[in-house]
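As C-alpha cells, the structure follows; a few thoughts come after it.
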Amino acid sequence: MAKQGTAMRAALKQVLERHTTDKSELIPIIQEAQDAIGYLPEDVLLDVSRHLNVPEAAIYGVATFYAQFYLEPQGRHRIRVCRGTACHVRGSAQIRPVIESKLKVKDGQTTDDLLFTYETVACVGCCALAPVMMIDDRYYGRLTPEKAEAVIDEYMRQADAG
C-alpha cells in the first residue's frame with residue numbers, strides 16, 4: 001500500500017480486522033473498504049486479495065461486475081440525471097449537455113476538484129416529476145436546463161462557502 005496515505009491504510013486495516021479470511025467475506029469487505037476510503041484503489045484490491053488468499057484478478061472481477069463499486073475517486077456529490085422514457089420525452093436530453101458543459105465532464109466522470117461525479121441513469125423512479133436529476137439523495141424535478149444549472153450553482157456556492 002505504498003501509494004496510499006496513512007489514513008487509508010488505517011481504514012483498510014480496521015476493515016480487514018473485522019472480517020475473517022473466508023472468501024465469502026469478499027463483498028462485505030470491499031463494501032466497507034469503499035465506504036471508509038471512498039473508492040477501491042488498486043492497492044486496496046491487492047491487500048484484500050492477500051487477506052482472503054484470492055487472486056487479485058478475482059477481486060477485480062467482482063469490483064468491476066457490480067455498479068456499486070468504484071475504482072476511481074468519486075466526487076463529494078453524485079449527480080444522477082434520469083434518461084428514462086418519461087424524462088427523455090420531457091427534455092432530459094437538453095439538460096445533460098448543460099450539466100456536462102458546466103462541470104466539464106462526461107457521463108461517468110468526476111470533476112477535477114472532486115466536488116461532483118456525474119452519471120446518467122436508466123430511471124430514478126419519479127416519472128411524474130420528469131425530467132428529474134438527483135444530487136446525492138435529493139430529487140430535483142420538472143427541470144429545465146436553466147433550473148438544473150441553478151441547482152448546480154447552488155451546490156458550488158455552498159462548497160465555496162464551506
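Numbering starts fresh at 1 for the residues of each chain in the C-alpha cells, the chains themselves are lettered A, B, ... in the order given, and ligands are numbered from 1 as they appear.
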Neighbour list for Gly108 of chain A as a ChimeraX atom specification, cut-off 12 Å, only C-alpha atoms, skip fewer than 3 positions in-chain: /A:67,70-75,78-81,100,104-105,111,116-121
With DSSP run on the backbone, what are the strand (DSSP E or B) residues within chain A? I'd like them as a PDB file with C-alpha atoms, in the first residue's frame.
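Wrote states_15.pdb, looks like this:
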ATOM      1  CA  HIS A  77     -21.730  14.937  -4.544  1.00  0.00           C
ATOM      2  CA  ARG A  78     -23.157  12.433  -7.013  1.00  0.00           C
ATOM      3  CA  ILE A  79     -25.334  13.904  -9.757  1.00  0.00           C
ATOM      4  CA  ARG A  80     -27.634  11.442 -11.481  1.00  0.00           C
ATOM      5  CA  VAL A  81     -29.707  12.555 -14.449  1.00  0.00           C
ATOM      6  CA  CYS A  82     -32.545  10.271 -15.477  1.00  0.00           C
ATOM      7  CA  THR A 110     -15.703  13.207 -11.750  1.00  0.00           C
ATOM      8  CA  PHE A 116     -19.132  16.168  -8.368  1.00  0.00           C
ATOM      9  CA  THR A 117     -19.406  12.783 -10.020  1.00  0.00           C
ATOM     10  CA  TYR A 118     -21.865  12.889 -12.904  1.00  0.00           C
ATOM     11  CA  GLU A 119     -23.772   9.980 -14.377  1.00  0.00           C
ATOM     12  CA  THR A 120     -26.906   9.271 -16.329  1.00  0.00           C
ATOM     13  CA  VAL A 121     -29.163   6.510 -15.073  1.00  0.00           C
ATOM     14  CA  MET A 133     -31.995  14.793 -11.557  1.00  0.00           C
ATOM     15  CA  MET A 134     -30.740  13.630  -8.191  1.00  0.00           C
ATOM     16  CA  ILE A 135     -27.879  15.102  -6.262  1.00  0.00           C
ATOM     17  CA  ARG A 138     -32.212  14.769  -3.111  1.00  0.00           C
ATOM     18  CA  TYR A 139     -34.540  14.871  -6.117  1.00  0.00           C
ATOM     19  CA  TYR A 140     -34.967  17.860  -8.421  1.00  0.00           C
TER      20      TYR A 140
END
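Pairwise distance (atom CA of Arg76 of chain A, atom CA of Arg96 of chain A) equals 19.5 Å.
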Nearest to Ser101 of chain A by atom-to-atom distance, counting only C-alpha atoms, from A:Glu149, A:Asp47, A:Glu32, A:Asp22: A:Glu149
Nearest-residue call for Asp136 of chain A, choices A:Ala148, A:Ala10, A:Tyr155, A:Asp113, using only C-alpha atoms: A:Tyr155
For Val89 of chain A, the nearest of the candidates A:Leu115, A:Leu103, A:Ala63, A:Cys127, counting only C-alpha atoms: A:Cys127
Atom CA of Pro41 of chain A to atom CA of Gln109 of chain A, distance in Å rounded to a single decimal: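 Separation between atom CA of Pro41 of chain A and atom CA of Gln109 of chain A: 16.0 Å.
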Residues within 12 Å of segment 28-30 of chain A, only C-alpha atoms, excluding chain neighbours under 3 positions, as a PyMOL selection string: chain A and resi 11-25+33-42+44-49+51-52+59-60+62-64+66+68-71
Generate a file of the selected residues that holds N, CA and C atoms, formatted as a compact mmCIF listing (two decimals), in the first residue's frame.
# COMPACT_ATOMS: atom_id res chain seq x y z
N ALA A 11 -7.68 2.79 7.75
CA ALA A 11 -9.08 2.46 7.49
C ALA A 11 -9.20 1.03 6.97
N LEU A 12 -8.36 0.67 6.03
CA LEU A 12 -8.41 -0.68 5.48
C LEU A 12 -8.05 -1.72 6.54
N LYS A 13 -7.07 -1.42 7.34
CA LYS A 13 -6.66 -2.34 8.40
C LYS A 13 -7.84 -2.62 9.34
N GLN A 14 -8.58 -1.59 9.70
CA GLN A 14 -9.74 -1.77 10.57
C GLN A 14 -10.79 -2.65 9.90
N VAL A 15 -11.02 -2.42 8.62
CA VAL A 15 -12.00 -3.24 7.88
C VAL A 15 -11.56 -4.70 7.89
N LEU A 16 -10.32 -4.95 7.54
CA LEU A 16 -9.84 -6.33 7.46
C LEU A 16 -9.86 -7.02 8.81
N GLU A 17 -9.61 -6.27 9.88
CA GLU A 17 -9.61 -6.86 11.22
C GLU A 17 -11.02 -7.31 11.64
N ARG A 18 -12.04 -6.71 11.06
CA ARG A 18 -13.42 -7.08 11.39
C ARG A 18 -13.89 -8.32 10.65
N HIS A 19 -13.09 -8.83 9.73
CA HIS A 19 -13.52 -9.94 8.89
C HIS A 19 -12.53 -11.09 8.94
N THR A 20 -13.07 -12.28 8.76
CA THR A 20 -12.22 -13.47 8.68
C THR A 20 -11.58 -13.52 7.30
N THR A 21 -10.82 -14.56 7.07
CA THR A 21 -10.18 -14.74 5.77
C THR A 21 -11.02 -15.65 4.86
N ASP A 22 -12.25 -15.90 5.25
CA ASP A 22 -13.15 -16.71 4.43
C ASP A 22 -13.53 -15.95 3.16
N LYS A 23 -13.49 -16.62 2.04
CA LYS A 23 -13.75 -15.99 0.75
C LYS A 23 -15.16 -15.37 0.67
N SER A 24 -16.08 -15.89 1.47
CA SER A 24 -17.44 -15.34 1.47
C SER A 24 -17.49 -13.92 2.03
N GLU A 25 -16.40 -13.47 2.61
CA GLU A 25 -16.32 -12.12 3.17
C GLU A 25 -15.98 -11.06 2.12
N ALA A 33 -14.64 -1.26 2.77
CA ALA A 33 -13.43 -0.54 2.37
C ALA A 33 -13.81 0.69 1.54
N GLN A 34 -14.72 0.51 0.62
CA GLN A 34 -15.14 1.65 -0.19
C GLN A 34 -15.84 2.71 0.66
N ASP A 35 -16.68 2.28 1.60
CA ASP A 35 -17.33 3.24 2.49
C ASP A 35 -16.29 4.05 3.28
N ALA A 36 -15.24 3.38 3.71
CA ALA A 36 -14.22 4.03 4.53
C ALA A 36 -13.29 4.92 3.70
N ILE A 37 -12.97 4.49 2.49
CA ILE A 37 -11.95 5.18 1.68
C ILE A 37 -12.57 6.05 0.59
N GLY A 38 -13.75 5.67 0.14
CA GLY A 38 -14.43 6.44 -0.90
C GLY A 38 -14.40 5.78 -2.26
N TYR A 39 -13.48 4.88 -2.47
CA TYR A 39 -13.37 4.12 -3.70
C TYR A 39 -12.43 2.96 -3.44
N LEU A 40 -12.15 2.16 -4.48
CA LEU A 40 -11.30 0.98 -4.30
C LEU A 40 -10.04 1.09 -5.15
N PRO A 41 -9.02 1.75 -4.62
CA PRO A 41 -7.77 1.83 -5.37
C PRO A 41 -7.12 0.46 -5.53
N GLU A 42 -6.23 0.36 -6.48
CA GLU A 42 -5.56 -0.91 -6.78
C GLU A 42 -4.89 -1.52 -5.55
N VAL A 44 -5.77 -1.32 -2.48
CA VAL A 44 -6.78 -1.91 -1.60
C VAL A 44 -7.18 -3.28 -2.12
N LEU A 45 -7.40 -3.38 -3.44
CA LEU A 45 -7.76 -4.67 -4.01
C LEU A 45 -6.66 -5.70 -3.78
N LEU A 46 -5.42 -5.26 -3.89
CA LEU A 46 -4.29 -6.16 -3.66
C LEU A 46 -4.26 -6.64 -2.21
N ASP A 47 -4.48 -5.75 -1.27
CA ASP A 47 -4.48 -6.14 0.14
C ASP A 47 -5.65 -7.06 0.48
N VAL A 48 -6.80 -6.82 -0.12
CA VAL A 48 -7.95 -7.71 0.08
C VAL A 48 -7.62 -9.08 -0.50
N SER A 49 -6.98 -9.09 -1.65
CA SER A 49 -6.55 -10.35 -2.28
C SER A 49 -5.65 -11.13 -1.34
N HIS A 51 -5.40 -10.78 1.94
CA HIS A 51 -6.14 -11.13 3.16
C HIS A 51 -6.97 -12.39 2.95
N LEU A 52 -7.63 -12.50 1.80
CA LEU A 52 -8.51 -13.63 1.53
C LEU A 52 -7.82 -14.78 0.81
N ILE A 59 -10.75 -10.56 -7.38
CA ILE A 59 -11.23 -9.40 -6.61
C ILE A 59 -11.63 -8.29 -7.59
N TYR A 60 -10.78 -8.04 -8.56
CA TYR A 60 -11.04 -7.02 -9.58
C TYR A 60 -12.32 -7.36 -10.35
N VAL A 62 -14.97 -8.97 -9.35
CA VAL A 62 -16.14 -8.65 -8.53
C VAL A 62 -16.34 -7.14 -8.46
N ALA A 63 -15.25 -6.41 -8.23
CA ALA A 63 -15.34 -4.96 -8.09
C ALA A 63 -15.81 -4.28 -9.38
N THR A 64 -15.51 -4.87 -10.52
CA THR A 64 -15.95 -4.26 -11.78
C THR A 64 -17.29 -4.80 -12.25
N TYR A 66 -20.06 -5.32 -10.27
CA TYR A 66 -21.14 -4.62 -9.59
C TYR A 66 -20.99 -3.10 -9.74
N GLN A 68 -22.00 -0.80 -7.97
CA GLN A 68 -21.86 -0.06 -6.71
C GLN A 68 -20.40 0.23 -6.35
N PHE A 69 -19.47 -0.44 -7.03
CA PHE A 69 -18.07 -0.27 -6.69
C PHE A 69 -17.37 0.67 -7.66
N TYR A 70 -16.46 1.48 -7.14
CA TYR A 70 -15.74 2.48 -7.93
C TYR A 70 -14.24 2.29 -7.77
N LEU A 71 -13.54 2.27 -8.89
CA LEU A 71 -12.09 2.11 -8.87
C LEU A 71 -11.36 3.44 -8.96
Residue list (helix (DSSP H, G or I), DSSP) for segment 33-97 of chain A, as a VMD selection string: chain A and resid 33 to 37 42 to 52 56 to 65 85 to 89 92 to 97
Once you have the residues from the selection above, write them out as an mmCIF file, in the first residue's frame, restricted to C-alpha atoms.
data_model
loop_
_atom_site.group_PDB
_atom_site.id
_atom_site.type_symbol
_atom_site.label_atom_id
_atom_site.label_comp_id
_atom_site.auth_asym_id
_atom_site.auth_seq_id
_atom_site.Cartn_x
_atom_site.Cartn_y
_atom_site.Cartn_z
ATOM 1 C CA ALA A 33 -13.430 -0.536 2.372
ATOM 2 C CA GLN A 34 -15.139 1.654 -0.195
ATOM 3 C CA ASP A 35 -17.326 3.242 2.493
ATOM 4 C CA ALA A 36 -14.215 4.034 4.527
ATOM 5 C CA ILE A 37 -11.953 5.180 1.682
ATOM 6 C CA GLU A 42 -5.557 -0.910 -6.780
ATOM 7 C CA ASP A 43 -3.583 -1.187 -3.536
ATOM 8 C CA VAL A 44 -6.781 -1.910 -1.603
ATOM 9 C CA LEU A 45 -7.763 -4.672 -4.010
ATOM 10 C CA LEU A 46 -4.289 -6.163 -3.660
ATOM 11 C CA ASP A 47 -4.479 -6.138 0.144
ATOM 12 C CA VAL A 48 -7.945 -7.706 0.080
ATOM 13 C CA SER A 49 -6.553 -10.345 -2.281
ATOM 14 C CA ARG A 50 -3.773 -11.128 0.185
ATOM 15 C CA HIS A 51 -6.140 -11.131 3.161
ATOM 16 C CA LEU A 52 -8.512 -13.627 1.528
ATOM 17 C CA GLU A 56 -6.292 -10.178 -7.402
ATOM 18 C CA ALA A 57 -7.989 -10.760 -10.777
ATOM 19 C CA ALA A 58 -10.934 -12.365 -8.984
ATOM 20 C CA ILE A 59 -11.231 -9.400 -6.615
ATOM 21 C CA TYR A 60 -11.040 -7.018 -9.583
ATOM 22 C CA GLY A 61 -13.689 -9.064 -11.387
ATOM 23 C CA VAL A 62 -16.144 -8.654 -8.531
ATOM 24 C CA ALA A 63 -15.340 -4.957 -8.092
ATOM 25 C CA THR A 64 -15.945 -4.265 -11.784
ATOM 26 C CA PHE A 65 -19.005 -6.506 -12.112
ATOM 27 C CA THR A 85 -38.608 7.323 -21.187
ATOM 28 C CA ALA A 86 -40.664 9.895 -19.267
ATOM 29 C CA CYS A 87 -37.628 12.070 -18.578
ATOM 30 C CA HIS A 88 -36.397 11.752 -22.147
ATOM 31 C CA VAL A 89 -39.792 12.733 -23.571
ATOM 32 C CA SER A 92 -33.681 15.382 -20.098
ATOM 33 C CA ALA A 93 -31.665 15.243 -23.320
ATOM 34 C CA GLN A 94 -31.456 19.052 -23.175
ATOM 35 C CA ILE A 95 -30.364 19.029 -19.531
ATOM 36 C CA ARG A 96 -27.444 16.631 -19.876
ATOM 37 C CA PRO A 97 -25.287 18.798 -22.184
#
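Here atom CA of Gly125 of chain A is placed at a distance of 18.4 Å from atom CA of Thr144 of chain A.
Of the residues listed (A:Leu114, A:Arg90, A:Met156, A:Val124), A:Arg90 shows the shortest atom-to-atom separation from Arg142 of chain A; distances use only C-alpha atoms.
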